[in-house]
Every structure is written in C-alpha cells, then in structure tokens.
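input_9.csv (CSV, C-alpha atoms)
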```
chain,number,residue,atom,x,y,z
A,1,MET,CA,15.6,-16.0,-8.0
A,2,ASP,CA,12.5,-17.7,-9.2
A,3,ILE,CA,10.0,-17.7,-6.3
A,4,ASN,CA,6.7,-19.4,-5.8
A,5,VAL,CA,5.1,-17.4,-3.0
A,6,LEU,CA,1.8,-16.2,-1.8
A,7,THR,CA,2.1,-12.6,-0.6
A,8,ILE,CA,-0.4,-11.0,1.8
A,9,ASN,CA,-0.8,-7.4,2.8
A,10,LEU,CA,-2.9,-7.0,6.0
A,11,GLY,CA,-4.3,-3.6,6.2
A,12,ASN,CA,-6.7,-1.8,8.6
A,13,THR,CA,-9.9,-2.9,6.7
A,14,ARG,CA,-8.8,-5.2,3.9
A,15,LEU,CA,-6.5,-8.1,3.1
A,16,ALA,CA,-4.7,-8.2,-0.2
A,17,ALA,CA,-3.3,-11.4,-1.6
A,18,GLY,CA,-1.0,-12.0,-4.5
A,19,ALA,CA,0.3,-15.2,-6.1
A,20,PHE,CA,3.8,-15.2,-7.5
A,21,ARG,CA,4.9,-18.2,-9.6
A,22,SER,CA,8.5,-18.1,-10.9
A,23,GLY,CA,8.7,-14.5,-9.7
A,24,GLU,CA,5.7,-13.4,-11.8
A,25,LEU,CA,2.5,-12.0,-10.3
A,26,LEU,CA,-0.3,-14.2,-11.7
A,27,PHE,CA,-3.2,-13.3,-9.3
A,28,SER,CA,-4.1,-10.5,-7.0
A,29,GLU,CA,-7.3,-9.8,-5.1
A,30,ARG,CA,-8.6,-8.0,-2.0
A,31,ALA,CA,-11.3,-8.8,0.6
A,32,LEU,CA,-12.8,-7.0,3.6
A,33,LEU,CA,-11.5,-8.3,6.9
A,34,SER,CA,-15.1,-8.6,8.1
A,35,ASP,CA,-15.8,-11.2,5.4
A,36,ARG,CA,-14.2,-14.4,6.7
A,37,ALA,CA,-15.7,-16.6,4.0
A,38,GLU,CA,-14.5,-14.3,1.2
A,39,ILE,CA,-11.0,-14.2,2.6
A,40,ALA,CA,-10.9,-18.0,2.9
A,41,ARG,CA,-12.0,-18.3,-0.8
A,42,MET,CA,-9.5,-15.7,-1.9
A,43,LEU,CA,-6.6,-17.4,-0.1
A,44,ALA,CA,-7.5,-20.8,-1.5
A,45,ASP,CA,-7.6,-19.3,-5.1
A,46,ALA,CA,-4.3,-17.5,-4.6
A,47,TRP,CA,-2.6,-20.6,-3.3
A,48,ASP,CA,-3.9,-22.6,-6.2
A,49,LYS,CA,-2.3,-20.1,-8.6
A,50,VAL,CA,1.1,-20.4,-6.8
A,51,GLY,CA,0.9,-24.0,-7.9
A,52,ASP,CA,3.6,-25.3,-5.5
A,53,PRO,CA,2.8,-27.3,-2.4
A,54,ASP,CA,6.2,-26.4,-1.1
A,55,GLY,CA,5.8,-22.7,-1.8
A,56,ALA,CA,5.9,-20.1,0.9
A,57,VAL,CA,3.7,-17.4,2.3
A,58,ALA,CA,5.1,-14.0,3.0
A,59,GLY,CA,3.3,-11.1,4.5
A,60,ALA,CA,3.2,-7.5,5.8
A,61,SER,CA,0.9,-6.2,8.4
A,62,VAL,CA,-0.1,-2.8,9.9
A,63,ASN,CA,-2.9,-4.4,11.9
A,64,PRO,CA,-1.5,-6.5,14.8
A,65,PRO,CA,-4.9,-7.4,16.3
A,66,ALA,CA,-5.9,-9.2,13.1
A,67,VAL,CA,-2.6,-11.2,12.6
A,68,GLN,CA,-3.7,-14.3,14.5
A,69,PHE,CA,-7.1,-14.4,12.6
A,70,ILE,CA,-5.3,-14.2,9.3
A,71,GLU,CA,-2.6,-16.7,10.2
A,72,ASP,CA,-5.3,-19.3,11.1
A,73,LEU,CA,-7.0,-18.8,7.7
A,74,ILE,CA,-3.7,-19.1,5.9
A,75,ARG,CA,-2.8,-22.3,7.6
A,76,GLU,CA,-6.2,-23.7,6.6
A,77,ALA,CA,-5.7,-22.7,3.0
A,78,THR,CA,-2.0,-23.5,2.5
A,79,LYS,CA,-0.7,-25.6,5.5
A,80,GLN,CA,2.1,-23.0,5.7
A,81,ASP,CA,3.1,-20.4,8.3
A,82,VAL,CA,3.5,-16.8,7.3
A,83,GLU,CA,7.0,-15.2,7.1
A,84,TRP,CA,6.3,-11.6,8.2
A,85,VAL,CA,8.5,-8.8,6.8
A,86,GLY,CA,10.2,-7.0,9.7
A,87,LYS,CA,9.9,-10.1,11.9
A,88,ASP,CA,11.0,-13.2,9.9
A,89,LEU,CA,12.2,-11.4,6.7
A,90,ASP,CA,14.6,-8.5,6.5
A,91,VAL,CA,13.2,-5.2,5.2
A,92,PRO,CA,14.7,-4.8,1.7
A,93,ILE,CA,15.7,-1.1,2.0
A,94,LYS,CA,17.7,1.0,4.4
A,95,ASN,CA,15.4,3.1,6.6
A,96,LEU,CA,16.7,6.6,7.6
A,97,THR,CA,13.8,7.6,9.8
A,98,GLU,CA,14.4,8.4,13.5
A,99,PHE,CA,12.6,5.3,14.7
A,100,PRO,CA,12.7,2.7,11.9
A,101,ASP,CA,10.8,0.0,14.0
A,102,GLU,CA,7.9,2.4,14.3
A,103,THR,CA,7.6,3.1,10.5
A,104,GLY,CA,4.7,1.3,8.8
A,105,VAL,CA,6.2,-1.7,7.0
A,106,ASP,CA,3.8,-1.2,4.1
A,107,ARG,CA,5.2,2.3,3.6
A,108,VAL,CA,8.8,1.0,3.4
A,109,LEU,CA,7.9,-1.9,1.1
A,110,ASN,CA,6.0,0.4,-1.3
A,111,VAL,CA,9.1,2.6,-1.7
A,112,ALA,CA,11.4,-0.4,-2.0
A,113,ALA,CA,9.3,-1.8,-4.8
A,114,ALA,CA,9.2,1.5,-6.6
A,115,TYR,CA,12.9,2.0,-6.3
A,116,GLU,CA,13.4,-1.6,-7.7
A,117,GLN,CA,11.5,-0.4,-10.7
A,118,PHE,CA,13.0,3.1,-11.2
A,119,GLN,CA,16.5,2.8,-9.7
A,120,LYS,CA,16.4,6.4,-8.7
A,121,ALA,CA,14.8,8.7,-6.2
A,122,CYS,CA,11.0,8.3,-6.1
A,123,VAL,CA,7.9,9.2,-4.2
A,124,VAL,CA,5.1,6.7,-3.4
A,125,ILE,CA,1.6,7.8,-2.6
A,126,ASP,CA,-0.6,5.2,-0.9
A,127,ALA,CA,-4.2,6.2,-0.8
A,128,GLY,CA,-6.0,3.9,1.5
A,129,THR,CA,-7.5,4.2,5.0
A,130,ALA,CA,-4.7,6.7,5.6
A,131,ILE,CA,-2.8,8.5,2.8
A,132,THR,CA,1.0,8.2,3.0
A,133,ILE,CA,3.4,10.1,0.8
A,134,ASP,CA,6.9,8.7,1.2
A,135,ALA,CA,10.2,9.0,-0.6
A,136,CYS,CA,13.6,7.4,-1.1
A,137,ASN,CA,16.8,9.0,-2.4
A,138,ASP,CA,18.9,8.0,-5.4
A,139,ARG,CA,20.7,5.4,-3.2
A,140,GLY,CA,17.4,3.6,-2.5
A,141,GLU,CA,17.3,4.7,1.1
A,142,PHE,CA,13.9,5.4,2.7
A,143,GLU,CA,13.9,9.0,3.7
A,144,GLY,CA,10.5,9.2,5.4
A,145,GLY,CA,7.4,11.1,4.5
A,146,ALA,CA,3.9,12.2,5.5
A,147,ILE,CA,0.7,10.6,6.9
A,148,ALA,CA,-2.7,12.1,6.5
A,149,PRO,CA,-6.3,10.9,6.8
A,150,GLY,CA,-7.7,9.0,3.8
A,151,LEU,CA,-10.8,10.0,1.9
A,152,ARG,CA,-13.3,8.2,4.0
A,153,LEU,CA,-11.7,9.3,7.3
A,154,MET,CA,-12.1,12.9,6.1
A,155,LEU,CA,-15.7,12.4,5.0
A,156,ASP,CA,-16.7,10.6,8.1
A,157,ALA,CA,-15.0,13.2,10.4
A,158,LEU,CA,-16.9,16.0,8.7
A,159,HIS,CA,-20.2,14.2,9.4
A,160,GLU,CA,-19.4,12.9,12.8
A,161,LYS,CA,-17.7,16.0,14.3
A,162,THR,CA,-20.2,18.6,13.1
A,163,ALA,CA,-23.9,19.2,13.8
A,164,LYS,CA,-25.3,19.6,10.3
A,165,LEU,CA,-22.9,18.3,7.7
A,166,PRO,CA,-24.3,15.1,6.0
A,167,ARG,CA,-22.5,11.9,5.3
A,168,VAL,CA,-21.2,12.1,1.8
A,169,GLU,CA,-19.9,9.5,-0.6
A,170,PHE,CA,-16.7,10.5,-2.5
A,171,ALA,CA,-17.0,11.6,-6.1
A,172,ILE,CA,-14.8,13.8,-8.3
A,173,PRO,CA,-16.3,17.3,-8.2
A,174,PRO,CA,-18.2,17.9,-11.5
A,175,THR,CA,-17.5,21.7,-11.6
A,176,PRO,CA,-15.0,24.2,-10.1
A,177,PHE,CA,-17.6,25.3,-7.6
A,178,GLY,CA,-19.5,23.3,-5.0
A,179,ARG,CA,-23.1,24.4,-5.7
A,180,ASN,CA,-24.5,22.5,-2.7
A,181,THR,CA,-23.2,21.1,0.6
A,182,ARG,CA,-22.5,17.6,-0.9
A,183,GLU,CA,-20.4,19.1,-3.7
A,184,ALA,CA,-18.7,21.5,-1.4
A,185,ILE,CA,-17.5,18.7,0.8
A,186,GLN,CA,-16.3,16.7,-2.3
A,187,GLN,CA,-14.4,19.8,-3.5
A,188,GLY,CA,-12.7,20.2,-0.1
A,189,VAL,CA,-11.7,16.6,0.2
A,190,TYR,CA,-10.6,16.0,-3.4
A,191,HIS,CA,-8.6,19.2,-3.9
A,192,GLY,CA,-7.4,19.1,-0.3
A,193,VAL,CA,-5.7,15.7,-0.9
A,194,ARG,CA,-4.3,16.6,-4.3
A,195,GLY,CA,-3.1,20.0,-3.1
A,196,MET,CA,-1.4,18.4,-0.1
A,197,ILE,CA,0.3,15.9,-2.3
A,198,LYS,CA,1.5,18.5,-4.8
A,199,GLU,CA,3.0,20.6,-2.0
A,200,LEU,CA,4.8,17.6,-0.5
A,201,VAL,CA,6.2,16.3,-3.8
A,202,GLU,CA,7.5,19.8,-4.5
A,203,ASN,CA,9.1,19.9,-1.1
A,204,TYR,CA,10.8,16.5,-1.7
A,205,ALA,CA,11.9,17.7,-5.2
A,206,THR,CA,13.5,20.8,-3.6
A,207,ALA,CA,15.3,18.6,-1.1
A,208,PHE,CA,16.6,16.3,-3.8
A,209,GLY,CA,17.5,19.0,-6.2
A,210,PHE,CA,15.5,17.4,-9.0
A,211,TRP,CA,12.0,16.0,-9.7
A,212,PRO,CA,11.5,12.4,-8.5
A,213,GLU,CA,9.4,9.7,-10.1
A,214,VAL,CA,6.0,9.6,-8.5
A,215,ILE,CA,3.9,6.4,-8.3
A,216,ALA,CA,0.6,5.9,-6.6
A,217,THR,CA,-1.1,2.8,-5.1
A,218,GLY,CA,-4.0,2.0,-2.7
A,219,GLY,CA,-7.7,1.6,-3.1
A,220,ASP,CA,-8.4,5.2,-3.8
A,221,ALA,CA,-5.5,5.9,-6.1
A,222,GLN,CA,-7.3,5.6,-9.4
A,223,ALA,CA,-10.2,7.9,-8.3
A,224,LEU,CA,-7.9,10.5,-6.9
A,225,PHE,CA,-5.0,10.5,-9.4
A,226,GLY,CA,-6.2,8.9,-12.7
A,227,GLU,CA,-4.7,10.9,-15.6
A,228,TRP,CA,-3.1,13.4,-13.3
A,229,GLU,CA,0.1,14.6,-14.9
A,230,LEU,CA,1.9,14.7,-11.5
A,231,ILE,CA,1.7,10.9,-11.3
A,232,ASN,CA,4.0,8.8,-13.4
A,233,GLY,CA,1.9,5.7,-12.9
A,234,ILE,CA,-0.6,3.8,-10.7
A,235,SER,CA,0.4,0.4,-9.4
A,236,PRO,CA,-2.4,-1.3,-7.3
A,237,ASP,CA,-0.2,-4.2,-6.4
A,238,LEU,CA,2.9,-2.3,-5.4
A,239,THR,CA,3.0,-3.5,-1.8
A,240,LEU,CA,2.6,-7.2,-2.9
A,241,TYR,CA,5.7,-6.7,-5.1
A,242,GLY,CA,7.5,-5.2,-2.2
A,243,ILE,CA,6.7,-8.2,0.0
A,244,ALA,CA,7.9,-10.6,-2.8
A,245,LEU,CA,11.1,-8.5,-3.1
A,246,ALA,CA,11.7,-8.8,0.7
A,247,TYR,CA,11.2,-12.5,0.6
A,248,ALA,CA,13.5,-13.0,-2.4
A,249,GLU,CA,16.3,-10.7,-1.1
A,250,HIS,CA,16.1,-12.2,2.5
A,251,HIS,CA,16.6,-15.8,1.2
A,252,ILE,CA,19.3,-14.8,-1.2
A,253,LYS,CA,21.2,-12.9,1.5
A,254,HIS,CA,20.8,-15.8,4.0
A,255,GLU,CA,21.2,-18.6,1.4
A,256,THR,CA,18.1,-20.3,2.6
```

Rewrite the coordinates I just gave you, this time as structure tokens.
Amino acid sequence: MDINVLTINLGNTRLAAGAFRSGELLFSERALLSDRAEIARMLADAWDKVGDPDGAVAGASVNPPAVQFIEDLIREATKQDVEWVGKDLDVPIKNLTEFPDETGVDRVLNVAAAYEQFQKACVVIDAGTAITIDACNDRGEFEGGAIAPGLRLMLDALHEKTAKLPRVEFAIPPTPFGRNTREAIQQGVYHGVRGMIKELVENYATAFGFWPEVIATGGDAQALFGEWELINGISPDLTLYGIALAYAEHHIKHET
C-alpha cells in the first residue's frame, strides 16, 4: 500500500515527525516540546514533504497531557486530525503482556517495526527519557520487556538525591577507571546501562533458545551503543516506521 502520511511520535520531552510519501520515509526531525515555534516549523516542513493535501496524519503518544497541544499545532499545519495508534488505529502486533492497554504504545510499535524488517524474534532497545528493552518471538508477538531510567534520569538522580555529587553531563568514559568523581559517575551510568542490556538480552536468548536480532533506537542510542557488537543496528526512526506500519495495516484490514 502506497501511503502519503505524516507520522508523529509524542514523547515525554520531544516530538518526532516523519514524512512518508508512497511508503518511503523522506523526512524526519525532532523538536523539544517546550519550543512551540520549532514544532510548528517542523510540522509544516514535514507536511510539505508528504506532498499530498489529502494525506493523513498518524501518531503515537506516551504523553497524554501534551496531546491537545500537539493536535492543535497539527491542525494549523495540515488541516488534518491525528489518527492515534491504539485509539483510532489498530496496533499492528499481538501483545502478550498481562495488561496490553497499559503497555507503552511506542514500545509495541518499535518491536512491530523491527519484526517487519527481520521476520524473526528480535529485541528493541529504546534509549530515551527511559530505557526500554523489549522483545517479540518468532511469530511476531510482543512478549514484554523491561523499563529502566534513561541516562539523564540517572545523572539527575545522583545529583538531586545526594549531598555532594555534582551534576554531570554524559560522556563515554575515556579509561577503564574513573579517576575523579565526574568520570566515576560516567563509568557507573555507561557500564550500568550496557551491563543491564547485555544481561536482559542474554535472558531473552535463553528463553527463546537462540540469539535474537537486536536493534537500538532513541536519542541516546548512538552514544551508548555505537559500534557495540551486541547491537545489529541502530534505527533512529524506528517508531515512525512502526506508526506508518500501523496506519497501513489498519486501513488495509478495514478497507478504508
């Protein structure tokens, strides 16, 4: 199905937008939710790239308080209403979790997009405000996963919940040993995240009986996982592809 659609991913701190024309992603960009003017410009540029006044807007959100704000900006830019995955659009993958409606839609869409690419069991790591590590089986069913604080939440917590630890910007540790407090914090956060992910992927592999494909996405994915042999690839726009997949499959299924 050739689709002309603007996809948006509404996160906790940023909005991502992607323009699909004839099913191909031609444009993607991100803006802070605090910057209304930048979001308006980004949406206008993305809609221009869609190149179809009768095109659609499809979205996913993990930030309910910001939905109305974003819907208003989208109507200004496109004259269209948003079709939200999980509300207006079916989720394109079976969810085996105990409470599917409580599972973050971005987590499920990431895994759906990864499965669409690999057609086998896979793990998706999304390194954003939170870090999620989720998996699907060989049948393309969402098994569930893990949620942990993201890099900046860890760094902020160490500063805000202790008396003496400073606020530190993330950087890859330059040596095996933290020679000062700043480097020691960077060591703990960097290797803490990677060690957690390695342990979880190994657990998933044990459950599956084989090693799954592993793909990473999210704003901190490149900094954390670039050139790490555990990761098969980094896909910054994975959620946008998942939204486009949900839009296409929903309208094919319902012949609309």

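With only C-alpha atoms as the basis for measurement, A:Asp72 is the residue among A:Asp2, A:Asp72, A:Glu199, A:Asp88 that approaches Arg36 in chain A most closely.
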
Cut-off 9 Å: closest range 159-240 of chain A/range 7-17 of chain A atom pairs per residue, using only C-alpha atoms, as CSV:
```
residue,atom,partner,partner_atom,distance
A:Asp237,CA,A:Ala16,CA,8.6
A:Thr239,CA,A:Asn9,CA,7.1
A:Leu240,CA,A:Thr7,CA,5.9
```

Inset, instruction - Find, counting all atoms listed in the file, the residue in A:Pro166, A:Gly219, A:Pro53, A:Gly59 that gets nearest to Lys87 in chain A. - result: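 Of A:Pro166, A:Gly219, A:Pro53, A:Gly59, the one nearest Lys87 in chain A is A:Gly59, counting all atoms listed in the file.
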
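Straight-line separation from CA of Val189 in chain A to CA of Ile215 in chain A: 20.5 Å.
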
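For the atom pair formed by CA of Gly209 in chain A and CA of Arg139 in chain A, the distance is 14.3 Å, given to one decimal.
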
Legend entry - Contacts of Glu169 in chain A at 12 Å (all atoms listed in the file; same-chain gap of 2+ positions) as a ChimeraX atom specification: /A:151-156,158-159,166-167,171-173,182-183,185-186,189-190

Inset, instruction - Compare A:Leu109, A:Leu224, A:Ile231, A:Val214 by their minimum atom-to-atom distance to Gln187 in chain A, counting all atoms listed in the file, and give me the closest one. - result: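 With all atoms listed in the file as the atom set, the closest residue is A:Leu224.
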
Legend entry - Separation of CA of Val105 in chain A from CA of Asp126 in chain A, in Å and rounded to one decimal: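 Interatomic distance here is 12.5 Å.
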
Legend entry - Nearest candidate to Ser61 in chain A (options A:Glu83, A:Glu76, A:Asp134, A:Glu98; using all atoms listed in the file):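 When distances to Ser61 in chain A are compared using all atoms listed in the file, the smallest one comes from A:Glu83.
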
Inset, instruction - Return the single residue from A:Asp81, A:Asp48, A:Glu38, A:Asp220 that is closest to Thr129 in chain A, with distances computed using all atoms listed in the file. - result: A:Asp220

Inset, instruction - Would you mind listing what lies within 12 Å of Leu230 in chain A as a list in words, with all atoms listed in the file counted and same-chain residues fewer than 6 positions away left out? - result: Val123, Val124, Ile125, Arg194, Gly195, Ile197, Lys198, Glu199, Leu200, Val201, Glu202, Trp211, Pro212, Glu213, Val214, Ile215, Ala216 and Leu224 of chain A

Legend entry - Shell around Glu143 in chain A at 10 Å using all atoms listed in the file, local window under 2 positions removed, as a list in words: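 Neighbouring residues, sequence-local ones excluded: Lys94, Asn95, Leu96, Thr97, Glu98, Val108, Val111, Ala121, Val123, Asp134, Ala135, Cys136, Asn137, Gly140, Glu141, Gly145 and Tyr204 of chain A.
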
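Between Val62 in chain A and the candidates A:Lys79, A:Arg107, A:Lys164, A:Arg41, the tightest atom-to-atom separation, counting all atoms listed in the file, involves A:Arg107.
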
Legend entry - Residues within 12 Å of (-1.7, -8.4, -12.9), counting all atoms listed in the file, listed as a ChimeraX atom specification: /A:17-20,24-29,235-238,240-241

Inset, instruction - Can you pull out every residue within 12 Å of His250 in chain A, counting all atoms listed in the file, but drop anything in the same chain fewer than 5 positions away, and send it as a count of residues only? - result: 18

Inset, instruction - Considering only C-alpha atoms, return as a list in words whatever protein or nucleic-acid residues lie within 7 Å of Ala148 in chain A, sequence-local ones (same chain, fewer than 4 positions apart) excluded. - result: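 With the cut-off at 7 Å, the set is Ala130, Ile131 and Thr132 of chain A.
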
File of the preceding selection, C-alpha atoms, as a PDB file, keeping the file's coordinate frame:
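The result, written out as part-v2.pdb:
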```pdb
ATOM      1  CA  ALA A 130      -4.700   6.700   5.600  1.00  0.00           C
ATOM      2  CA  ILE A 131      -2.800   8.500   2.800  1.00  0.00           C
ATOM      3  CA  THR A 132       1.000   8.200   3.000  1.00  0.00           C
TER       4      THR A 132
END
```
